[in-house]
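Asks: Just one file: work-v5.txt, with compact mmCIF, C-alpha atoms.
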# COMPACT_ATOMS: atom_id res chain seq x y z
CA MET X 1277 -0.33 6.89 -22.41
CA LYS X 1278 1.00 3.60 -21.09
CA THR X 1279 -1.54 1.49 -19.17
CA LEU X 1280 -0.62 -0.79 -16.28
CA ALA X 1281 -3.41 -3.26 -15.45
CA ILE X 1282 -3.58 -4.54 -11.87
CA HIS X 1283 -3.25 -8.32 -12.06
CA TRP X 1284 -3.78 -10.81 -9.28
CA ALA X 1285 -4.18 -14.59 -9.27
CA GLY X 1286 -7.85 -14.39 -10.30
CA LEU X 1287 -9.29 -17.89 -10.67
CA TRP X 1288 -7.32 -21.04 -10.18
CA ALA X 1289 -7.97 -24.70 -9.48
CA GLY X 1290 -7.64 -24.54 -5.72
CA ALA X 1291 -8.25 -27.42 -3.35
CA PRO X 1292 -11.29 -27.20 -1.01
CA GLY X 1293 -10.75 -24.43 1.51
CA THR X 1294 -8.38 -22.44 -0.68
CA TYR X 1295 -9.10 -19.10 -2.28
CA GLY X 1296 -9.00 -20.71 -5.71
CA ALA X 1297 -11.90 -23.02 -4.88
CA TYR X 1298 -13.78 -20.08 -3.34
CA GLU X 1299 -13.55 -17.94 -6.49
CA ASN X 1300 -14.59 -20.77 -8.79
CA GLY X 1301 -17.56 -21.52 -6.55
CA ILE X 1302 -19.06 -18.06 -6.21
CA LEU X 1303 -18.87 -17.32 -9.95
CA GLY X 1304 -20.60 -20.58 -10.89
CA PRO X 1305 -24.25 -19.40 -10.97
CA THR X 1306 -25.33 -18.44 -14.49
CA THR X 1307 -26.25 -14.97 -13.16
CA TRP X 1308 -22.53 -14.22 -13.43
CA GLU X 1309 -21.98 -15.81 -16.84
CA TYR X 1310 -20.97 -12.45 -18.32
CA ARG X 1311 -17.95 -12.45 -15.98
CA ARG X 1312 -16.70 -15.88 -17.04
CA PRO X 1313 -13.20 -15.43 -18.47
CA TYR X 1314 -12.20 -17.09 -21.70
CA TYR X 1315 -10.30 -19.86 -19.91
CA ALA X 1316 -13.16 -20.91 -17.61
CA VAL X 1317 -15.20 -23.99 -18.54
CA ARG X 1318 -18.88 -24.09 -17.54
CA SER X 1319 -20.68 -27.23 -16.47
CA GLY X 1320 -24.26 -26.47 -15.48
CA SER X 1321 -24.20 -24.08 -12.53
CA ALA X 1322 -20.48 -24.46 -11.94
CA ILE X 1323 -17.34 -23.21 -13.63
CA PHE X 1324 -13.81 -24.50 -13.53
CA ALA X 1325 -10.86 -22.24 -14.21
CA ASN X 1326 -7.14 -22.30 -13.66
CA CYS X 1327 -5.54 -18.99 -14.48
CA ASN X 1328 -2.22 -20.39 -13.23
CA SER X 1329 -2.00 -22.86 -16.09
CA GLN X 1330 1.04 -21.84 -18.15
CA ASP X 1331 -1.06 -22.00 -21.33
CA VAL X 1332 -3.51 -19.47 -19.87
CA ILE X 1333 -0.73 -17.24 -18.56
CA ASP X 1334 0.90 -17.20 -21.99
CA LEU X 1335 -2.43 -16.36 -23.64
CA ASP X 1336 -3.00 -13.55 -21.13
CA LEU X 1337 0.44 -12.13 -21.90
CA THR X 1338 -0.14 -12.40 -25.65
CA LEU X 1339 -3.47 -10.59 -25.35
CA MET X 1340 -1.97 -7.81 -23.22
CA LEU X 1341 1.00 -7.38 -25.55
CA SER X 1342 -1.26 -7.06 -28.59
CA SER X 1343 -3.26 -4.33 -26.83
CA GLY X 1344 -0.41 -2.27 -25.37
CA ILE X 1345 -1.19 -3.26 -21.75
CA SER X 1346 1.37 -4.26 -19.11
CA PRO X 1347 0.53 -6.26 -15.97
CA MET X 1348 1.06 -4.79 -12.51
CA TYR X 1349 1.36 -7.98 -10.47
CA LEU X 1350 0.44 -8.31 -6.81
CA PRO X 1351 3.00 -10.71 -5.25
CA TYR X 1352 2.37 -12.06 -1.76
CA VAL X 1353 5.00 -12.26 0.93
CA SER X 1354 2.80 -14.97 2.50
CA GLU X 1355 4.85 -17.28 0.32
CA PRO X 1356 8.26 -16.18 1.62
CA ASN X 1357 10.02 -19.39 0.69
CA TRP X 1358 9.61 -18.42 -2.95
CA LEU X 1359 11.18 -14.99 -2.54
CA LEU X 1360 13.46 -15.63 0.42
CA PRO X 1361 14.00 -19.35 1.07
CA GLY X 1362 14.30 -20.37 4.69
CA PHE X 1363 12.46 -17.41 6.19
CA GLY X 1364 8.92 -18.17 7.26
CA THR X 1365 6.36 -20.81 6.35
CA GLU X 1366 4.03 -20.66 3.39
CA ASP X 1367 0.40 -19.81 4.07
CA PRO X 1368 -1.56 -22.94 2.99
CA VAL X 1369 -4.33 -20.90 1.35
CA PHE X 1370 -2.39 -18.19 -0.42
CA ALA X 1371 0.58 -20.36 -1.35
CA ALA X 1372 -1.81 -22.55 -3.33
CA GLY X 1373 -1.89 -20.02 -6.12
CA MET X 1374 -1.72 -16.33 -5.22
CA ASN X 1375 1.75 -15.96 -6.75
CA GLY X 1376 0.92 -18.21 -9.69
CA SER X 1377 0.57 -15.45 -12.28
CA ILE X 1378 3.90 -13.78 -11.66
CA LYS X 1379 5.62 -17.16 -11.36
CA GLY X 1380 4.12 -17.98 -14.75
CA TYR X 1381 5.51 -14.75 -16.18
CA PHE X 1382 9.00 -15.80 -15.13
CA ASN X 1383 8.46 -19.33 -16.44
CA SER X 1384 7.04 -18.21 -19.79
CA THR X 1385 9.11 -19.02 -22.85
CA LEU X 1386 7.25 -16.61 -25.14
CA ALA X 1387 9.60 -14.81 -27.52
CA SER X 1388 7.76 -11.53 -26.84
CA LYS X 1389 5.75 -10.51 -23.82
CA PRO X 1390 4.75 -7.21 -22.22
CA GLN X 1391 6.88 -5.51 -19.62
CA PHE X 1392 5.66 -5.92 -16.04
CA CYS X 1393 5.90 -4.25 -12.65
CA VAL X 1394 4.76 -5.05 -9.11
CA LEU X 1395 2.33 -3.70 -6.53
CA MET X 1396 3.01 -4.05 -2.81
CA GLU X 1397 0.14 -4.11 -0.32
CA GLY X 1398 1.16 -2.40 2.90
CA TYR X 1399 -0.32 -4.94 5.26
CA ARG X 1400 0.54 -8.06 3.27
CA ALA X 1401 4.09 -6.84 2.73
CA TRP X 1402 4.85 -7.72 6.31
CA TRP X 1403 1.91 -9.38 8.01
CA THR X 1404 -0.47 -12.08 6.77
CA PRO X 1405 -2.64 -14.40 8.90
CA ASN X 1406 -1.30 -17.94 9.38
CA THR X 1407 2.16 -16.97 8.21
CA ASN X 1408 5.22 -17.21 10.40
CA VAL X 1409 7.48 -14.65 8.78
CA THR X 1410 10.91 -14.08 10.28
CA GLY X 1411 13.44 -11.44 9.37
CA ASP X 1412 12.68 -7.79 8.75
CA TRP X 1413 10.78 -5.98 6.01
CA LEU X 1414 13.87 -4.61 4.31
CA GLN X 1415 15.32 -8.11 4.08
CA PHE X 1416 12.25 -9.34 2.21
CA MET X 1417 12.02 -6.28 -0.02
CA ARG X 1418 15.66 -6.59 -1.03
CA ALA X 1419 14.72 -10.07 -2.24
CA TRP X 1420 11.87 -8.49 -4.25
CA VAL X 1421 14.23 -5.93 -5.74
CA ASP X 1422 16.81 -8.53 -6.74
CA LYS X 1423 14.25 -10.93 -8.19
CA PHE X 1424 12.07 -8.42 -10.02
CA PHE X 1425 14.24 -5.44 -10.95
CA SER X 1426 16.96 -7.66 -12.39
CA ASN X 1427 14.51 -8.93 -15.02
CA PRO X 1428 15.16 -7.06 -18.30
CA ASN X 1429 11.39 -6.82 -18.88
CA TYR X 1430 10.73 -4.93 -15.65
CA TYR X 1431 8.96 -1.65 -16.51
CA LYS X 1432 10.98 1.49 -15.85
CA TRP X 1433 10.15 5.13 -16.32
CA ASN X 1434 13.15 7.37 -16.96
CA GLY X 1435 15.43 4.59 -15.72
CA ARG X 1436 13.40 4.13 -12.52
CA PRO X 1437 11.64 0.81 -11.74
CA VAL X 1438 7.91 1.44 -11.23
CA TRP X 1439 6.57 0.11 -7.92
CA GLY X 1440 2.94 0.44 -6.82
CA MET X 1441 2.24 0.83 -3.10
CA LEU X 1442 -1.20 0.21 -1.58
CA ASN X 1443 -2.33 0.71 2.02
CA CYS X 1444 0.49 3.04 3.01
CA ALA X 1445 -1.05 3.62 6.45
CA ASN X 1446 -0.98 -0.14 7.11
CA PHE X 1447 2.64 -0.23 6.00
CA ALA X 1448 3.54 2.42 8.57
CA GLN X 1449 1.54 0.57 11.24
CA TYR X 1450 2.93 -2.92 10.69
CA THR X 1451 6.54 -2.03 9.97
CA SER X 1452 7.07 1.02 12.16
CA GLY X 1453 4.36 1.31 14.81
CA ASN X 1454 2.80 4.30 12.98
CA ASP X 1455 6.05 6.25 13.16
CA TYR X 1456 6.17 7.74 9.66
CA ALA X 1457 9.75 8.95 10.02
CA VAL X 1458 10.84 5.37 10.72
CA ALA X 1459 8.63 4.03 7.92
CA LYS X 1460 10.03 6.53 5.41
CA ALA X 1461 13.56 5.60 6.47
CA LYS X 1462 12.78 2.00 5.48
CA ILE X 1463 11.57 3.12 2.06
CA ASP X 1464 14.66 5.32 1.65
CA ALA X 1465 16.93 2.41 2.62
CA LEU X 1466 15.27 0.30 -0.06
CA ARG X 1467 15.80 3.09 -2.59
CA ASP X 1468 19.49 3.21 -1.64
CA TYR X 1469 19.81 -0.56 -2.01
CA SER X 1470 18.20 -0.54 -5.46
CA VAL X 1471 20.49 2.27 -6.64
CA ALA X 1472 23.56 0.52 -5.22
CA GLN X 1473 22.63 -2.66 -7.12
CA GLY X 1474 22.43 -0.67 -10.35
CA TYR X 1475 18.64 -0.96 -10.80
CA GLY X 1476 17.84 2.73 -10.35
CA ASN X 1477 15.76 4.67 -7.83
CA PRO X 1478 12.27 3.05 -7.61
CA TYR X 1479 9.35 5.20 -8.73
CA PHE X 1480 6.85 4.61 -5.92
CA ILE X 1481 3.19 5.18 -6.87
CA CYS X 1482 0.75 5.49 -3.95
CA LEU X 1483 -2.54 3.73 -4.76
CA ASP X 1484 -4.47 4.87 -1.67
CA ASN X 1485 -7.68 6.87 -2.06
CA ASN X 1486 -6.30 9.27 0.55
CA THR X 1487 -2.83 10.51 -0.39
CA SER X 1488 -1.75 11.63 3.11
CA SER X 1489 0.12 8.48 4.20
CA GLY X 1490 1.87 8.23 0.85
CA GLN X 1491 3.01 11.83 1.12
CA TYR X 1492 4.72 11.20 4.47
CA LEU X 1493 6.42 8.11 3.05
CA GLY X 1494 7.78 10.18 0.17
CA CYS X 1495 5.92 8.45 -2.67
CA ASP X 1496 6.78 9.80 -6.11
CA ALA X 1497 3.29 9.82 -7.68
CA TYR X 1498 -0.36 9.17 -6.78
CA SER X 1499 -3.13 7.04 -8.24
CA GLN X 1500 -5.79 4.63 -6.87
CA TYR X 1501 -6.35 0.90 -6.57
CA ALA X 1502 -10.14 1.00 -6.88
CA ALA X 1503 -12.55 3.90 -7.23
CA THR X 1504 -15.04 4.96 -4.56
CA TYR X 1505 -18.46 6.61 -4.74
CA ASN X 1506 -21.31 7.72 -2.47
CA ASN X 1507 -23.61 4.71 -2.27
CA ALA X 1508 -26.80 5.70 -0.51
CA SER X 1509 -28.97 2.66 -1.14
CA ASN X 1510 -28.93 -1.04 -1.92
CA SER X 1511 -29.37 -0.62 -5.66
CA GLN X 1512 -27.58 -0.31 -8.98
CA TYR X 1513 -25.81 2.90 -9.95
CA PRO X 1514 -24.71 3.88 -13.46
CA TYR X 1515 -21.05 3.62 -14.44
CA SER X 1516 -20.87 7.43 -14.53
CA THR X 1517 -21.34 7.40 -10.73
CA LEU X 1518 -17.93 5.76 -10.46
CA VAL X 1519 -16.23 7.68 -13.26
CA ALA X 1520 -17.04 11.17 -11.97
CA PRO X 1521 -15.19 10.94 -8.60
CA THR X 1522 -12.37 8.98 -10.25
CA GLN X 1523 -11.69 11.74 -12.75
CA ALA X 1524 -12.18 14.43 -10.09
CA LYS X 1525 -9.38 12.81 -8.08
CA TRP X 1526 -6.97 13.30 -11.00
CA THR X 1527 -7.49 17.05 -10.75
CA ASN X 1528 -7.58 17.14 -6.96
CA ASP X 1529 -4.26 15.30 -6.70
CA LYS X 1530 -2.71 17.58 -9.33
CA ASN X 1531 -3.73 20.61 -7.26
CA THR X 1532 -2.45 19.19 -3.94
CA ASN X 1533 0.96 20.07 -2.53
CA SER X 1534 2.94 17.41 -0.69
CA ALA X 1535 2.99 17.78 3.10
CA LEU X 1536 6.59 16.55 2.98
CA THR X 1537 8.09 18.63 0.17
CA GLY X 1538 5.55 21.40 -0.45
CA LEU X 1539 5.65 20.59 -4.17
CA PRO X 1540 2.60 19.63 -6.29
CA LEU X 1541 1.86 15.92 -6.37
CA LYS X 1542 2.62 13.92 -9.50
CA VAL X 1543 -0.37 12.05 -10.92
CA VAL X 1544 -0.89 8.63 -12.49
CA PRO X 1545 -4.57 8.66 -13.53
CA HIS X 1546 -6.60 5.73 -12.28
CA ILE X 1547 -8.94 4.08 -14.80
CA THR X 1548 -11.85 2.06 -13.44
CA THR X 1549 -13.58 -0.84 -15.16
CA GLY X 1550 -16.29 -1.11 -12.49
CA TRP X 1551 -17.14 -2.19 -8.94
CA ASP X 1552 -19.67 -4.91 -8.16
CA PHE X 1553 -18.86 -7.60 -5.59
CA ARG X 1554 -22.35 -9.10 -5.38
CA PRO X 1555 -21.03 -12.63 -6.11
CA ARG X 1556 -19.17 -12.47 -2.79
CA ILE X 1557 -22.16 -11.46 -0.65
CA GLY X 1558 -23.12 -14.29 1.68
CA SER X 1559 -20.13 -16.35 0.59
CA GLY X 1560 -18.37 -16.22 3.94
CA SER X 1561 -15.71 -13.78 2.81
CA ASN X 1562 -15.14 -10.91 5.22
CA ALA X 1563 -12.79 -8.97 2.96
CA GLY X 1564 -14.21 -5.55 2.20
CA GLY X 1565 -17.49 -6.24 4.01
CA GLU X 1566 -18.76 -8.61 1.33
CA ASN X 1567 -21.26 -10.14 3.75
CA ASN X 1568 -23.19 -6.86 3.90
CA PRO X 1569 -25.85 -5.60 1.48
CA ALA X 1570 -24.31 -3.19 -0.97
CA SER X 1571 -24.98 -1.01 -3.95
CA TRP X 1572 -23.20 -1.80 -7.16
CA ILE X 1573 -22.10 -0.23 -10.42
CA ALA X 1574 -23.65 -1.27 -13.73
CA THR X 1575 -21.15 -3.01 -16.00
CA PRO X 1576 -20.05 -0.41 -18.57
CA THR X 1577 -20.43 -0.86 -22.28
CA THR X 1578 -17.23 -0.82 -24.29
CA ALA X 1579 -18.10 2.68 -25.52
CA GLU X 1580 -18.65 3.96 -21.96
CA PHE X 1581 -15.38 2.47 -20.78
CA MET X 1582 -13.43 3.86 -23.72
CA ALA X 1583 -14.79 7.38 -23.10
CA HIS X 1584 -13.29 7.17 -19.61
CA TYR X 1585 -10.07 5.63 -20.97
CA GLY X 1586 -9.77 8.42 -23.53
CA ALA X 1587 -10.33 11.05 -20.83
CA ALA X 1588 -7.33 9.67 -18.91
CA SER X 1589 -5.15 9.96 -22.00
CA ALA X 1590 -6.37 13.52 -22.62
CA PHE X 1591 -5.60 14.47 -18.99
CA ILE X 1592 -2.05 13.16 -19.29
CA ASN X 1593 -1.54 15.10 -22.51
CA ALA X 1594 -3.01 18.28 -21.01
CA TYR X 1595 -0.82 18.16 -17.88
CA PRO X 1596 2.55 16.69 -18.89
CA THR X 1597 4.37 18.09 -15.85
CA ALA X 1598 1.92 16.63 -13.32
CA CYS X 1599 1.68 13.38 -15.30
CA GLU X 1600 5.41 13.13 -15.89
CA SER X 1601 5.50 9.35 -16.27
CA GLY X 1602 2.75 9.17 -18.90
CA LEU X 1603 1.35 6.19 -16.99
CA SER X 1604 -2.20 5.21 -16.09
CA ILE X 1605 -3.22 2.38 -13.76
CA CYS X 1606 -6.33 0.37 -14.60
CA TYR X 1607 -8.42 -1.62 -12.15
CA ALA X 1608 -8.16 -4.40 -13.16
CA TRP X 1609 -7.17 -7.20 -15.48
CA ASN X 1610 -9.01 -9.96 -13.64
CA GLU X 1611 -11.02 -8.97 -10.55
CA PHE X 1612 -14.00 -11.01 -11.76
CA SER X 1613 -15.80 -11.44 -8.43
CA GLU X 1614 -14.97 -7.97 -7.11
CA GLY X 1615 -16.27 -6.36 -10.27
CA GLY X 1616 -13.54 -4.99 -12.54
CA TRP X 1617 -11.80 -6.63 -15.50
CA LEU X 1618 -10.19 -6.11 -18.89
CA CYS X 1619 -9.55 -9.81 -19.48
CA PRO X 1620 -11.78 -11.18 -22.28
CA THR X 1621 -15.03 -12.64 -20.94
CA ALA X 1622 -18.29 -14.06 -22.23
CA GLY X 1623 -19.88 -10.66 -21.59
CA ASP X 1624 -17.64 -8.63 -23.91
CA ASN X 1625 -17.52 -10.98 -26.90
CA TYR X 1626 -14.23 -12.35 -25.60
CA GLY X 1627 -12.16 -9.23 -25.98
CA ASP X 1628 -14.12 -6.18 -27.17
CA ARG X 1629 -12.58 -4.02 -24.44
CA ILE X 1630 -8.96 -4.85 -25.21
CA ARG X 1631 -9.60 -4.67 -28.95
CA ALA X 1632 -10.93 -1.13 -28.39
CA ILE X 1633 -7.85 -0.24 -26.31
CA ALA X 1634 -5.59 -1.58 -29.06
CA ALA X 1635 -7.44 0.48 -31.69
CA PHE X 1636 -7.14 3.59 -29.48
CA HIS X 1637 -3.36 3.20 -29.49
CA GLY X 1638 -3.17 2.36 -33.18
CA LEU X 1639 -2.31 -1.29 -32.56
CA ALA X 1640 -3.68 -4.27 -34.43
CA GLY X 1641 -4.87 -5.94 -31.24
CA PRO X 1642 -6.11 -9.51 -31.03
CA PRO X 1643 -8.29 -10.73 -33.90
CA ALA X 1644 -11.87 -11.83 -33.42
CA ALA X 1645 -12.05 -14.37 -30.63
CA ARG X 1646 -14.13 -17.35 -29.65
CA ILE X 1647 -13.92 -19.82 -26.80
CA ASN X 1648 -13.05 -23.47 -27.31
CA MET X 1649 -14.63 -25.05 -24.26
CA SER X 1650 -13.20 -28.52 -24.80
CA LEU X 1651 -9.64 -27.21 -24.96
CA GLN X 1652 -10.24 -24.49 -22.33
CA ALA X 1653 -8.45 -21.98 -24.52
CA LEU X 1654 -9.11 -18.80 -26.41
CA MET X 1655 -9.05 -19.45 -30.13
CA LEU X 1656 -8.17 -16.44 -32.27
CA SER X 1657 -9.31 -16.13 -35.86
CA ALA X 1658 -8.92 -13.40 -38.44
Could you quickly redo this structure as structure tokens?
Replies:
Amino acid sequence: MKTLAIHWAGLWAGAPGTYGAYENGILGPTTWEYRRPYYAVRSGSAIFANCNSQDVIDLDLTLMLSSGISPMYLPYVSEPNWLLPGFGTEDPVFAAGMNGSIKGYFNSTLASKPQFCVLMEGYRAWWTPNTNVTGDWLQFMRAWVDKFFSNPNYYKWNGRPVWGMLNCANFAQYTSGNDYAVAKAKIDALRDYSVAQGYGNPYFICLDNNTSSGQYLGCDAYSQYAATYNNASNSQYPYSTLVAPTQAKWTNDKNTNSALTGLPLKVVPHITTGWDFRPRIGSGSNAGGENNPASWIATPTTAEFMAHYGAASAFINAYPTACESGLSICYAWNEFSEGGWLCPTAGDNYGDRIRAIAAFHGLAGPPAARINMSLQALMLSA
């Protein structure tokens, strides 16, 4: 099993009013100390972190490589002048750092680093508030293809560049007025362009909880971005409450026939690390209803998480036709405020989870770790 870990900008040193400042602020209270990543410095009831520092990016890549994990980056078209200069204006909030991690990957001079792939959000692929984007979707996505697929480290399965796709219904809405035939034609045109450039036919993985929209767009396989569960009260639920429906979806997708082709869906098992956005409640963020009371999932122990991780590997081995790519997608590397992470934190002895993943795959993994607060770096020792 090859694991792709969803990776976004996480925490960065944003100016007041930017998302970077917001994330640093809400994770400051010591209640959330167990979520503090190795690169975040604490000062009283505040933390300071900059995941877009090249030193941190290189450490992240080194840790992932040692554990057999590859990042699935989430680039933002709200910074179009990076991908397609001259078309659109950069969003002042998102441009402050949301593409920092993938930029850092390209800027890294490490001799060895993990392969990577990208995840496209359907609504952000074309529309983002405060962004004046000109040109059409295909024009921007050709720029993605040329920039990303041309990199020799881009992850491919069977010669096909892997591309995650989230919010397929929003994609159809914003690019094609909910006309799925038109929306699929755009995806097919992008496939044709990639093949013509010699990159191969992209392997589109739908990450929606409901597979219907992805089926009509002709996605090649199905997974999830984040797990869901029946939350009946404002209280804590055990990790098993999240794992059970996640693993049930693997089987349900395997047993579903595509509305477009009539053939059984291909599956990329989703692996969840948790779901608990309590730090965001009352923070002013409207994303995902974070201003509302909510239930949450207890942070899993390393043993609990690895039982779920092992189940994904066993499912792939048991159903090699359905799981043709041998891939799994893990939520997430660094969703610290939303509630899911693999990145070493104060709460997992700075790396117990990824050391366990490395051991599962027979890799040496990172050695014992400790944080050097003055240098804001993860120090590794045998």
Asks: Of the candidates X:Asn1443, X:Ser1319, X:Ser1346, X:Thr1578, which one gets nearest to Leu1603 in chain X if we count only C-alpha atoms?
Replies: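 So, comparing all the options, the nearest one is X:Ser1346.
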Asks: Which residue out of X:Pro1437, X:Pro1620, X:Gly1615, X:Gly1627 has the minimum interatomic distance to Leu1395 in chain X when only C-alpha atoms are used?
Replies: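 The closest residue to Leu1395 in chain X is X:Pro1437.
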Asks: Quote the spacing between CA of Thr1575 in chain X and CA of His1546 in chain X in Å to one decimal place.
Replies: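 Separating CA of Thr1575 in chain X from CA of His1546 in chain X is a distance of 17.4 Å.
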Asks: Within 12 Å of Gly1638 in chain X, counting all atoms listed in the file, which residues qualify if same-chain residues fewer than 3 places away don't, as a PyMOL selection string?
Replies: chain X and resi 1342-1344+1631-1635+1641
Asks: Nearest to Thr1597 in chain X: which of X:Tyr1352, X:Tyr1475, X:Pro1540, X:Phe1424 is it, counting all atoms listed in the file?
Replies: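 Closest to Thr1597 in chain X of all the choices is X:Pro1540.
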Asks: Counting all atoms listed in the file, which residue out of X:Trp1439, X:Tyr1314, X:Phe1612, X:Phe1591 sits closest to Pro1347 in chain X?
Replies: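 Smallest distance to Pro1347 in chain X is found for X:Trp1439.
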Asks: What is the CA of Val1438 in chain X-CA of Asn1531 in chain X distance in Å, reported with one decimal?
Replies: 22.8 Å
Asks: Just checking: using all atoms listed in the file, which residue out of X:Met1417, X:Leu1303, X:Ile1282, X:Ile1333 ends up closest to Phe1553 in chain X?
Replies: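 For Phe1553 in chain X, the nearest of the given residues is X:Leu1303.
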Asks: CA of Pro1643 in chain X to CA of Ile1630 in chain X: how many Å, to one decimal?
Replies: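 Atom-to-atom, CA of Pro1643 in chain X and CA of Ile1630 in chain X are spaced 10.5 Å apart.
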Asks: Rebuild N, CA and C atoms on range 1485-1502 of chain X, as a CSV table (one decimal), in the frame of the given file?
Replies:
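This went into selection.csv:
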chain,number,residue,atom,x,y,z
X,1485,ASN,N,-6.7,5.8,-1.7
X,1485,ASN,CA,-7.7,6.9,-2.1
X,1485,ASN,C,-7.3,8.2,-1.4
X,1486,ASN,N,-6.8,8.1,-0.2
X,1486,ASN,CA,-6.3,9.3,0.6
X,1486,ASN,C,-4.8,9.3,0.4
X,1487,THR,N,-4.3,10.4,-0.1
X,1487,THR,CA,-2.8,10.5,-0.4
X,1487,THR,C,-1.9,10.8,0.8
X,1488,SER,N,-2.5,11.1,2.0
X,1488,SER,CA,-1.8,11.6,3.1
X,1488,SER,C,-0.6,10.7,3.5
X,1489,SER,N,-0.9,9.4,3.7
X,1489,SER,CA,0.1,8.5,4.2
X,1489,SER,C,1.2,8.4,3.2
X,1490,GLY,N,0.9,8.3,1.9
X,1490,GLY,CA,1.9,8.2,0.8
X,1490,GLY,C,2.8,9.4,0.8
X,1491,GLN,N,2.2,10.6,1.1
X,1491,GLN,CA,3.0,11.8,1.1
X,1491,GLN,C,4.1,11.7,2.2
X,1492,TYR,N,3.7,11.3,3.4
X,1492,TYR,CA,4.7,11.2,4.5
X,1492,TYR,C,5.7,10.1,4.3
X,1493,LEU,N,5.4,9.1,3.4
X,1493,LEU,CA,6.4,8.1,3.0
X,1493,LEU,C,7.3,8.5,1.9
X,1494,GLY,N,7.0,9.7,1.3
X,1494,GLY,CA,7.8,10.2,0.2
X,1494,GLY,C,7.5,9.5,-1.2
X,1495,CYS,N,6.3,9.1,-1.4
X,1495,CYS,CA,5.9,8.4,-2.7
X,1495,CYS,C,6.1,9.5,-3.8
X,1496,ASP,N,6.4,8.9,-5.0
X,1496,ASP,CA,6.8,9.8,-6.1
X,1496,ASP,C,5.6,10.2,-6.9
X,1497,ALA,N,4.5,9.5,-6.9
X,1497,ALA,CA,3.3,9.8,-7.7
X,1497,ALA,C,2.1,9.2,-7.0
X,1498,TYR,N,0.9,9.6,-7.5
X,1498,TYR,CA,-0.4,9.2,-6.8
X,1498,TYR,C,-1.4,8.7,-7.8
X,1499,SER,N,-2.1,7.6,-7.4
X,1499,SER,CA,-3.1,7.0,-8.2
X,1499,SER,C,-4.2,6.5,-7.3
X,1500,GLN,N,-4.8,5.4,-7.7
X,1500,GLN,CA,-5.8,4.6,-6.9
X,1500,GLN,C,-5.7,3.1,-7.2
X,1501,TYR,N,-6.2,2.3,-6.3
X,1501,TYR,CA,-6.4,0.9,-6.6
X,1501,TYR,C,-7.7,0.7,-7.1
X,1502,ALA,N,-8.8,1.1,-6.4
X,1502,ALA,CA,-10.1,1.0,-6.9
X,1502,ALA,C,-10.9,2.3,-6.5
